[in-house]
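Undergrad: Structure: work-v2.txt, compact mmCIF, C-alpha atoms.
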```
# COMPACT_ATOMS: atom_id res chain seq x y z
CA MET A 15 19.70 -71.54 -26.44
CA GLU A 16 21.39 -71.98 -23.10
CA SER A 17 25.16 -72.02 -23.38
CA GLN A 18 26.96 -75.28 -22.72
CA LYS A 19 28.10 -75.79 -19.12
CA LYS A 20 31.85 -76.11 -18.87
CA ILE A 21 33.33 -78.93 -16.80
CA LEU A 22 37.00 -79.55 -16.11
CA ILE A 23 37.89 -83.17 -15.29
CA VAL A 24 41.15 -83.54 -13.37
CA ASP A 25 42.63 -86.96 -12.68
CA ASP A 26 46.15 -88.32 -13.04
CA GLU A 27 44.76 -91.37 -14.89
CA GLU A 28 44.38 -90.47 -18.56
CA PHE A 29 42.02 -93.39 -19.07
CA VAL A 30 39.62 -91.89 -16.53
CA THR A 31 39.71 -88.36 -17.95
CA ASP A 32 39.26 -89.70 -21.51
CA ALA A 33 36.36 -91.94 -20.56
CA LEU A 34 34.56 -89.27 -18.55
CA GLU A 35 35.23 -86.67 -21.26
CA GLY A 36 33.44 -88.78 -23.87
CA PHE A 37 30.57 -89.60 -21.55
CA PHE A 38 29.83 -86.10 -20.31
CA HIS A 39 30.40 -84.58 -23.76
CA SER A 40 27.59 -86.81 -25.02
CA LYS A 41 25.43 -85.39 -22.23
CA GLY A 42 25.85 -81.93 -23.73
CA TYR A 43 28.58 -80.50 -21.52
CA ARG A 44 31.71 -78.81 -22.81
CA ILE A 45 34.57 -80.80 -21.32
CA PHE A 46 38.14 -79.86 -20.53
CA LYS A 47 40.57 -82.29 -18.98
CA ALA A 48 43.87 -82.24 -17.13
CA GLU A 49 46.12 -85.01 -15.88
CA ASP A 50 48.28 -82.81 -13.66
CA GLY A 51 47.89 -79.81 -11.40
CA GLN A 52 49.69 -77.35 -13.65
CA THR A 53 47.50 -78.09 -16.68
CA CYS A 54 44.51 -77.80 -14.38
CA LEU A 55 45.62 -74.34 -13.23
CA ASN A 56 46.08 -73.22 -16.84
CA VAL A 57 42.52 -74.27 -17.76
CA ILE A 58 41.06 -72.65 -14.63
CA LYS A 59 42.75 -69.38 -15.55
CA SER A 60 41.81 -69.45 -19.25
CA GLU A 61 38.24 -70.77 -19.18
CA LYS A 62 35.12 -69.60 -17.38
CA LEU A 63 34.30 -72.97 -15.85
CA ASP A 64 31.07 -74.05 -14.20
CA LEU A 65 32.38 -77.13 -12.41
CA VAL A 66 35.67 -78.85 -11.64
CA LEU A 67 35.78 -82.56 -10.99
CA LEU A 68 39.00 -82.65 -8.99
CA ASP A 69 41.23 -85.49 -7.89
CA ILE A 70 43.19 -84.64 -4.74
CA LYS A 71 46.44 -86.44 -5.43
CA LEU A 72 47.95 -84.90 -8.54
CA PRO A 73 51.42 -84.50 -10.02
CA LYS A 74 53.10 -81.06 -10.10
CA VAL A 75 50.54 -79.07 -8.09
CA ASP A 76 48.59 -80.65 -5.27
CA GLY A 77 44.79 -80.91 -5.61
CA ILE A 78 44.35 -79.29 -2.19
CA GLU A 79 46.15 -76.19 -3.43
CA ILE A 80 43.90 -76.08 -6.48
CA LEU A 81 40.85 -76.39 -4.24
CA LYS A 82 42.09 -73.48 -2.13
CA LEU A 83 42.62 -71.37 -5.26
CA LEU A 84 39.13 -72.18 -6.52
CA ARG A 85 37.55 -71.29 -3.19
CA ARG A 86 39.54 -68.07 -2.93
CA ASP A 87 39.53 -66.68 -6.49
CA TYR A 88 36.86 -68.61 -8.41
CA THR A 89 33.98 -68.86 -5.98
CA GLN A 90 31.40 -69.26 -8.75
CA VAL A 91 33.00 -72.55 -9.84
CA LYS A 92 31.47 -75.65 -8.28
CA VAL A 93 33.88 -78.33 -7.09
CA ILE A 94 33.39 -82.07 -6.81
CA LEU A 95 36.29 -83.77 -5.10
CA MET A 96 37.16 -87.37 -5.80
CA THR A 97 39.81 -89.31 -3.98
CA ALA A 98 40.87 -92.71 -2.77
CA TYR A 99 42.49 -90.92 0.18
CA ASP A 100 39.27 -90.28 2.05
CA ILE A 101 40.59 -90.43 5.59
CA GLU A 102 43.92 -88.67 5.22
CA TYR A 103 42.59 -85.59 3.47
CA LYS A 104 38.98 -85.30 4.60
CA THR A 105 39.62 -82.98 7.55
CA ILE A 106 41.65 -80.60 5.44
CA VAL A 107 39.27 -80.39 2.49
CA ASP A 108 36.31 -80.07 4.86
CA SER A 109 37.90 -76.95 6.25
CA ILE A 110 38.39 -75.48 2.78
CA GLY A 111 34.97 -76.37 1.36
CA TYR A 112 33.55 -78.17 -1.68
CA ASP A 113 30.22 -78.99 -3.26
CA ALA A 114 30.42 -82.79 -3.26
CA PHE A 115 32.90 -85.46 -2.24
CA PHE A 116 33.32 -88.86 -3.89
CA VAL A 117 35.43 -91.73 -2.66
CA LYS A 118 36.85 -93.77 -5.52
CA PRO A 119 35.96 -96.00 -7.24
CA LEU A 120 33.44 -93.77 -8.96
CA LEU A 121 29.97 -94.98 -9.76
CA LEU A 122 29.01 -93.19 -12.94
CA ASP A 123 25.29 -93.00 -12.23
CA GLU A 124 25.86 -91.38 -8.82
CA LEU A 125 28.43 -88.98 -10.26
CA THR A 126 26.10 -87.98 -13.11
CA ARG A 127 23.22 -87.33 -10.72
CA GLU A 128 25.42 -85.20 -8.51
CA ILE A 129 26.80 -83.14 -11.40
CA GLU A 130 23.27 -82.53 -12.72
CA ARG A 131 22.06 -81.58 -9.25
CA ILE A 132 24.89 -79.14 -8.63
CA LEU A 133 24.72 -77.52 -12.06
CA SER A 134 20.96 -77.14 -11.82
CA GLY A 135 21.60 -74.90 -8.82
CA GLU A 136 20.02 -77.12 -6.18
CA LYS A 137 21.03 -76.45 -2.61
CA ILE A 138 24.53 -77.58 -1.74
CA ALA A 139 24.52 -80.67 0.42
CA THR A 140 27.93 -80.19 1.95
CA PRO A 141 28.33 -77.06 4.05
CA LEU A 142 31.16 -74.82 3.08
CA ALA A 143 33.74 -74.20 5.71
CA GLU A 144 33.90 -70.78 7.28
CA ASP A 145 37.30 -71.24 8.84
CA LYS A 146 40.40 -71.68 6.80
CA ILE A 147 43.29 -73.78 7.99
CA LYS A 148 45.52 -71.65 10.13
CA ASP A 149 49.26 -71.97 10.30
CA THR A 150 50.08 -72.52 13.93
CA ARG A 151 53.80 -72.88 13.55
CA GLN A 152 55.94 -70.08 14.88
CA PRO A 153 58.85 -69.63 12.48
CA VAL A 154 62.25 -69.28 14.00
CA GLN A 155 63.24 -65.65 14.09
CA GLY A 156 66.77 -64.45 14.52
CA PRO A 157 69.45 -62.14 13.32
CA GLN A 158 70.83 -62.59 9.82
CA PHE A 159 74.17 -64.33 9.62
CA THR A 160 76.49 -64.69 6.68
CA PRO A 161 77.94 -68.14 6.04
CA LEU A 162 81.26 -68.64 7.74
CA GLU A 163 84.29 -68.88 5.51
CA GLY A 164 86.06 -72.22 5.50
CA THR A 165 83.13 -74.18 6.83
CA LEU A 166 81.08 -76.98 5.36
CA PRO A 167 77.44 -77.27 6.44
CA LYS A 168 76.39 -80.51 8.10
CA ALA A 169 72.65 -80.81 8.45
CA ARG A 170 69.71 -83.16 8.18
CA LEU A 171 68.05 -81.69 5.14
CA LEU A 172 64.57 -82.66 4.01
CA ILE A 173 63.40 -81.71 0.51
CA VAL A 174 59.61 -81.77 0.16
CA SER A 175 58.33 -81.32 -3.37
CA PRO A 176 55.77 -82.99 -5.63
CA ARG A 177 58.08 -82.30 -8.56
CA ASN A 178 60.44 -85.26 -9.00
CA LEU A 179 62.69 -83.37 -11.38
CA ILE A 180 63.22 -80.52 -8.93
CA SER A 181 63.67 -82.71 -5.85
CA GLY A 182 66.09 -84.91 -7.80
CA LEU A 183 68.12 -81.89 -8.92
CA LEU A 184 68.25 -80.52 -5.39
CA LYS A 185 69.23 -83.84 -3.87
CA ASP A 186 71.99 -84.31 -6.46
CA TYR A 187 73.27 -80.83 -5.75
CA PHE A 188 73.20 -80.98 -1.97
CA SER A 189 74.66 -84.49 -1.94
CA LYS A 190 77.96 -83.21 -3.37
CA ARG A 191 80.60 -83.44 -0.68
CA GLU A 192 81.94 -80.00 -1.47
CA ILE A 193 78.47 -78.47 -1.01
CA CYS A 194 77.14 -79.93 2.20
CA ASN A 195 78.27 -82.82 4.36
CA GLY A 196 74.82 -83.82 5.51
CA ILE A 197 72.03 -86.33 5.30
CA TYR A 198 69.34 -85.87 2.70
CA GLU A 199 65.88 -87.19 2.25
CA ILE A 200 63.13 -86.38 -0.22
CA THR A 201 59.39 -86.72 0.14
CA GLU A 202 56.82 -85.95 -2.49
CA SER A 203 54.17 -84.73 -0.11
CA GLY A 204 54.70 -83.55 3.42
CA LEU A 205 51.14 -84.43 4.33
CA GLU A 206 51.51 -88.09 3.44
CA GLN A 207 54.82 -88.38 5.18
CA LEU A 208 54.25 -86.55 8.42
CA GLU A 209 55.07 -89.60 10.52
CA TYR A 210 58.22 -90.13 8.56
CA ILE A 211 59.25 -86.50 8.95
CA LYS A 212 58.78 -86.85 12.71
CA LYS A 213 61.17 -89.78 12.68
CA PHE A 214 63.71 -88.19 10.35
CA GLN A 215 63.92 -85.04 12.48
CA PRO A 216 65.33 -82.70 9.87
CA ASP A 217 67.30 -79.59 10.80
CA ILE A 218 66.12 -77.79 7.68
CA ILE A 219 63.13 -78.41 5.45
CA LEU A 220 63.18 -77.17 1.86
CA LEU A 221 59.46 -76.94 1.15
CA ASP A 222 57.92 -76.44 -2.28
CA VAL A 223 55.23 -73.73 -2.08
CA ALA A 224 52.99 -75.99 -4.17
CA LEU A 225 52.48 -77.88 -0.91
CA VAL A 226 52.09 -74.96 1.41
CA GLY A 227 48.37 -75.67 1.87
CA ILE A 228 49.34 -78.53 4.13
CA LEU A 229 51.04 -76.20 6.57
CA GLY A 230 48.15 -76.19 9.04
CA GLU A 231 48.53 -79.89 9.73
CA PHE A 232 52.22 -79.84 8.95
CA GLY A 233 52.79 -77.10 11.53
CA LEU A 234 50.88 -78.97 14.22
CA THR A 235 53.02 -82.05 13.65
CA LEU A 236 56.22 -80.05 13.64
CA MET A 237 55.26 -78.50 16.96
CA LYS A 238 54.79 -81.97 18.47
CA MET A 239 58.25 -83.12 17.42
CA THR A 240 60.78 -83.55 20.17
CA GLN A 241 63.33 -81.87 17.92
CA PRO A 242 61.49 -79.46 15.61
CA PRO A 243 63.33 -78.30 12.50
CA LYS A 244 65.51 -75.27 12.92
CA GLU A 245 64.04 -73.62 9.88
CA ILE A 246 61.86 -74.07 6.82
CA ILE A 247 63.00 -72.56 3.55
CA LEU A 248 60.29 -72.12 0.95
CA PHE A 249 60.93 -72.44 -2.73
CA GLY A 250 58.76 -72.66 -5.82
CA ASP A 251 56.90 -70.87 -8.55
CA PRO A 252 55.89 -67.31 -7.57
CA ALA A 253 52.63 -67.83 -9.52
CA ILE A 254 51.43 -70.40 -7.00
CA LYS A 255 52.65 -68.72 -3.84
CA TRP A 256 49.50 -69.00 -1.75
CA GLU A 257 48.24 -67.10 1.25
CA GLU A 258 50.06 -69.29 3.80
CA ALA A 259 53.32 -68.77 1.94
CA GLU A 260 52.82 -65.00 1.91
CA THR A 261 52.14 -65.03 5.65
CA LEU A 262 55.25 -67.07 6.37
CA ILE A 263 57.40 -64.88 4.15
CA LYS A 264 56.12 -61.76 5.93
CA ARG A 265 57.10 -63.43 9.20
CA GLY A 266 60.65 -63.95 7.99
CA THR A 267 60.64 -67.28 6.17
CA LYS A 268 63.05 -67.29 3.26
CA PHE A 269 61.51 -67.77 -0.20
CA ILE A 270 63.53 -68.72 -3.26
CA GLU A 271 61.74 -68.37 -6.59
CA LEU A 272 61.97 -71.55 -8.62
CA PRO A 273 59.52 -71.65 -11.55
CA LEU A 274 57.65 -74.71 -12.78
CA ASP A 275 59.25 -74.22 -16.17
CA LEU A 276 62.92 -74.98 -15.61
CA HIS A 277 63.77 -73.38 -18.97
CA ASP A 278 62.45 -70.03 -17.77
CA GLU A 279 65.27 -67.61 -18.63
CA THR A 280 64.31 -65.24 -15.82
CA TYR A 281 65.41 -67.82 -13.26
CA PRO A 282 68.50 -69.74 -14.49
CA ILE A 283 68.32 -73.04 -12.67
CA GLN A 284 71.93 -73.17 -11.49
CA GLU A 285 71.71 -69.66 -10.02
CA THR A 286 68.42 -70.55 -8.35
CA ILE A 287 69.88 -73.66 -6.75
CA GLN A 288 72.87 -71.62 -5.67
CA ARG A 289 70.50 -69.19 -3.93
CA LEU A 290 68.88 -72.14 -2.15
CA ASN A 291 72.32 -73.32 -1.12
CA ASN A 292 73.14 -69.87 0.26
CA ALA A 293 69.92 -69.94 2.27
CA VAL A 294 70.82 -73.38 3.67
CA ARG A 295 74.31 -72.18 4.54
CA GLU A 296 72.90 -69.15 6.33
CA VAL A 297 70.75 -71.41 8.52
CA CYS A 298 73.67 -73.77 9.15
CA ALA A 299 75.85 -70.84 10.17
CA ARG A 300 73.14 -69.46 12.44
CA TYR A 301 72.73 -72.76 14.26
CA HIS A 302 76.37 -73.87 14.02
CA LEU A 303 75.53 -76.85 11.81
CA PHE A 304 78.89 -77.23 10.13
CA ASN A 305 82.19 -79.08 9.98
CA LYS A 306 85.57 -77.60 9.32
CA GLU A 307 86.25 -77.94 5.60
CA ALA A 308 88.91 -80.50 4.79
CA ASN A 309 91.75 -79.04 2.79
CA MET B 13 61.48 -100.57 -5.32
CA VAL B 14 57.85 -99.48 -5.33
CA LYS B 15 56.71 -98.16 -1.96
CA ILE B 16 53.75 -99.75 -0.20
CA ARG B 17 51.79 -96.50 -0.29
CA GLU B 18 52.30 -96.24 -4.06
CA MET B 19 51.14 -99.82 -4.49
CA PHE B 20 47.93 -99.13 -2.58
CA HIS B 21 47.41 -95.99 -4.63
CA LYS B 22 47.95 -97.91 -7.86
CA ILE B 23 45.52 -100.66 -6.88
CA GLY B 24 42.97 -98.01 -5.87
CA ASN B 25 43.35 -96.40 -9.30
CA LEU B 26 42.88 -99.79 -10.97
CA HIS B 27 39.61 -100.27 -9.09
CA ASN B 28 38.53 -96.84 -10.28
CA LYS B 29 39.41 -97.67 -13.88
CA ILE B 30 37.38 -100.88 -13.69
CA SER B 31 34.42 -99.05 -12.21
CA VAL B 32 34.54 -96.16 -14.68
CA ALA B 33 35.00 -98.48 -17.66
CA ALA B 34 32.04 -100.61 -16.58
CA GLY B 35 29.90 -97.53 -15.93
CA ILE B 36 30.70 -95.97 -19.30
CA SER B 37 30.07 -99.24 -21.16
CA LYS B 38 26.74 -99.65 -19.38
CA ALA B 39 25.73 -96.09 -20.23
CA GLU B 40 26.69 -96.59 -23.90
CA LEU B 41 24.60 -99.73 -24.16
CA LYS B 42 21.61 -98.06 -22.49
CA LYS B 43 21.93 -95.14 -24.89
CA LYS B 44 22.15 -97.41 -27.92
CA PHE B 45 18.96 -99.22 -26.97
CA LYS B 46 17.14 -96.17 -25.69
CA GLU B 47 14.59 -96.04 -28.51
CA ASN B 48 13.76 -99.75 -28.71
CA PRO B 49 13.56 -102.31 -25.93
CA ALA B 50 16.99 -103.90 -25.50
CA PRO B 51 17.36 -107.62 -26.28
CA LEU B 52 17.59 -109.88 -23.25
CA GLU B 53 21.30 -110.47 -23.89
CA ILE B 54 21.94 -106.75 -23.66
CA GLU B 55 19.93 -106.48 -20.44
CA LYS B 56 22.11 -109.27 -19.02
CA ILE B 57 25.29 -107.50 -20.08
CA VAL B 58 24.11 -104.27 -18.46
CA SER B 59 23.29 -106.19 -15.29
CA ARG B 60 26.74 -107.82 -15.25
CA LEU B 61 28.42 -104.48 -15.81
CA SER B 62 26.57 -103.19 -12.74
CA GLU B 63 27.97 -106.16 -10.84
CA VAL B 64 31.46 -105.27 -12.06
CA GLU B 65 30.99 -101.72 -10.75
CA GLN B 66 29.77 -102.95 -7.38
CA THR B 67 32.59 -105.50 -7.19
CA ALA B 68 35.13 -102.73 -7.73
CA VAL B 69 33.55 -100.79 -4.86
CA GLU B 70 33.63 -103.86 -2.59
CA ALA B 71 37.22 -104.63 -3.56
CA SER B 72 38.16 -101.06 -2.77
CA LYS B 73 36.55 -101.25 0.68
CA ASP B 74 38.50 -104.46 1.39
CA LEU B 75 41.65 -102.78 0.11
CA ARG B 76 41.19 -99.90 2.57
CA GLN B 77 40.77 -102.37 5.43
CA LEU B 78 43.87 -104.23 4.30
CA LYS B 79 45.75 -100.95 4.06
CA ASP B 80 44.83 -100.06 7.63
CA MET B 81 46.01 -103.47 8.83
CA VAL B 82 49.29 -103.23 6.91
CA TYR B 83 49.94 -99.66 8.06
CA ARG B 84 49.61 -100.77 11.68
CA ILE B 85 52.43 -103.29 11.42
CA ILE B 86 54.64 -102.10 8.56
CA ASP B 87 56.57 -98.86 8.33
CA ILE B 88 55.24 -97.70 4.97
CA ASP B 89 58.34 -95.64 4.20
CA THR B 90 60.94 -98.32 4.84
CA GLY B 91 58.75 -101.35 4.04
CA LYS B 92 60.04 -103.01 7.21
CA PRO B 93 58.04 -104.20 10.24
CA LYS B 94 57.45 -101.53 12.88
CA LYS B 95 59.40 -102.01 16.10
```
For the structure just supplied, provide its representation as structure tokens.
TA:
Amino acid sequence: MESQKKILIVDDEEFVTDALEGFFHSKGYRIFKAEDGQTCLNVIKSEKLDLVLLDIKLPKVDGIEILKLLRRDYTQVKVILMTAYDIEYKTIVDSIGYDAFFVKPLLLDELTREIERILSGEKIATPLAEDKIKDTRQPVQGPQFTPLEGTLPKARLLIVSPRNLISGLLKDYFSKREICNGIYEITESGLEQLEYIKKFQPDIILLDVALVGILGEFGLTLMKMTQPPKEIILFGDPAIKWEEAETLIKRGTKFIELPLDLHDETYPIQETIQRLNNAVREVCARYHLFNKEAN
Amino acid sequence: MVKIREMFHKIGNLHNKISVAAGISKAELKKKFKENPAPLEIEKIVSRLSEVEQTAVEASKDLRQLKDMVYRIIDIDTGKPKK
């Protein structure tokens, strides 16, 4: 007897994953489900999947990053993308590659036909991309400076992370007057907020590596800004430090390890945030973004 | 306050829930009456569920058009009219 095909259904709406789980289970598939990117990653790593039905906009880890991982390390797994964000993301996912693309709302009959077609091994309708997104941004290079004593950084600081808890912690920390006398903004996804970032004109961007897959487009936009950011500091879980992040780090971009699990004893959260603060202070010192500290 | 983008996302998800729920219900009914011909009432219900699915798709297309119109005149991050 042929073994059951394994399908992972990923959508941030539990109703949708539950409904599709029941339906496709009755069709004889073995179904796994995930409502966020981290759970999705765990299932991908632990199960030998045949197909992933993947929503692009997900909490914790972006669907685009998961798609890149699948195309890089799990090439045997078929991927059907589904999104309501057809225009914004289409160019990017086209360049990464997938087996089928659905714009929500889903029509179950069409989806079923497509899953059956793909799993039966019929020819893939959508061509896979040969070229990956390239990072075109040239990171600022310069000598290392130590923070100046008796100074207080003053910078436009942008925190970009899909993790509300982390971005909230960082904003709370950097908003303290004794830490940094600056202006702070948070966005959940750099890709969605490119126009806003152009307007905000940050001096420093603290960018979660979970979003690094957007750097191709992100970099192009940054280059077009009249006042590009002085520096990007990467932070995030080392387990999801993708190719673009590695390239940037090799080219001198600072990376601060900040795991998804904030209770991870290897990375005490306060010390991690302090390391981020040191990195921000180094940039501020390098570009003279500081005030004299009030005594 | 909920951002405009989040509202559009939420409404898009609601359309998807409607469509998926209708599709699943339709499939369940078809499965139940697979062996014997379905009563006329059931055929009508299946037909109406198909209409619900299609209506969700149409509503979603209109929503995307509306979104484009709103995005042209409103700053989606501040919620204020663009200058």
Undergrad: Could you tell me how far CA of Phe249 (chain A) sits from CA of Val223 (chain A), in Å to one decimal place?
TA: 5.9 Å
Undergrad: Which one is closest to chain B: A:Tyr112, A:Lys19, A:Val117, A:Lys59? Count only C-alpha atoms.
TA: A:Val117
Undergrad: Using all atoms listed in the file, find the residues of chain A whose closest atom to chain B is at most 8 Å away, then write them as a list in words.
TA: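 Only these qualify: Glu27, Phe29, Val30, Ala33, Leu34, Phe37, Ala98, Lys118, Pro119, Leu120, Leu121, Leu122, Asp123 and Tyr210 of chain A.
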Undergrad: Go through region 52-79 of chain B and flag each residue having an atom no more than 12 Å from region 42-47 of chain B; for those, report the closest pair of atoms plus their distance in Å to one decimal, using all atoms listed in the file, ordered by chain and rising number, as a tab-separated table.
TA:
```
residue	atom	partner	partner_atom	distance
B:Leu52	CA	B:Phe45	CA	11.4
B:Glu53	CA	B:Phe45	CA	11.9
B:Ile54	CA	B:Phe45	CA	8.7
B:Glu55	CA	B:Lys42	CA	8.8
B:Lys56	CA	B:Lys42	CA	11.7
B:Ile57	CA	B:Lys42	CA	10.4
B:Val58	CA	B:Lys42	CA	7.8
B:Ser59	CA	B:Lys42	CA	11.0
B:Leu61	CA	B:Lys42	CA	11.5
```
Undergrad: In Å to one decimal, how far is CA of Glu61 (chain A) from CA of Gly42 (chain A)?
TA: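 These atoms are spaced 17.3 Å apart.
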Undergrad: Pick out the closest residue to Met19 (chain B) from this set: B:Ile85, B:Asn48, B:Lys79, B:Val64. Count all atoms listed in the file.
TA: B:Lys79
Undergrad: Show which residues sit within 6 Å of Tyr43 (chain A), as a list of chain:residue names. Count all atoms listed in the file, and ignore same-chain residues fewer than 3 positions away.
TA: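 Here the answer would be A:Gln18, A:Lys19, A:Phe38, A:His39.
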Undergrad: Taking all atoms listed in the file into account, which of A:Ile219, A:Lys212, A:Phe269, A:Leu184 comes nearest Ile283 (chain A)?
TA: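 Nearest candidate to Ile283 (chain A) out of A:Ile219, A:Lys212, A:Phe269, A:Leu184: A:Leu184.
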Undergrad: Kindly give the distance, in Å, that separates CA of Ile263 (chain A) and CA of Ile173 (chain A), rounded to a single decimal.
TA: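 We find that CA of Ile263 (chain A) and CA of Ile173 (chain A) lie 18.2 Å from each other.
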Undergrad: Distance cut-off 12 Å, centre (72.4, -74.1, 16.0) in file coordinates, counting all atoms listed in the file: which residues qualify? Return them as a ChimeraX atom specification.
TA: /A:154,156,159,167-169,217-218,243-245,295-304
Undergrad: Between A:Gln215, A:Lys41, A:Gln241, A:Leu83, which is the closest to Glu130 (chain A) once you count all atoms listed in the file?
TA: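 The closest residue to Glu130 (chain A) is A:Lys41.
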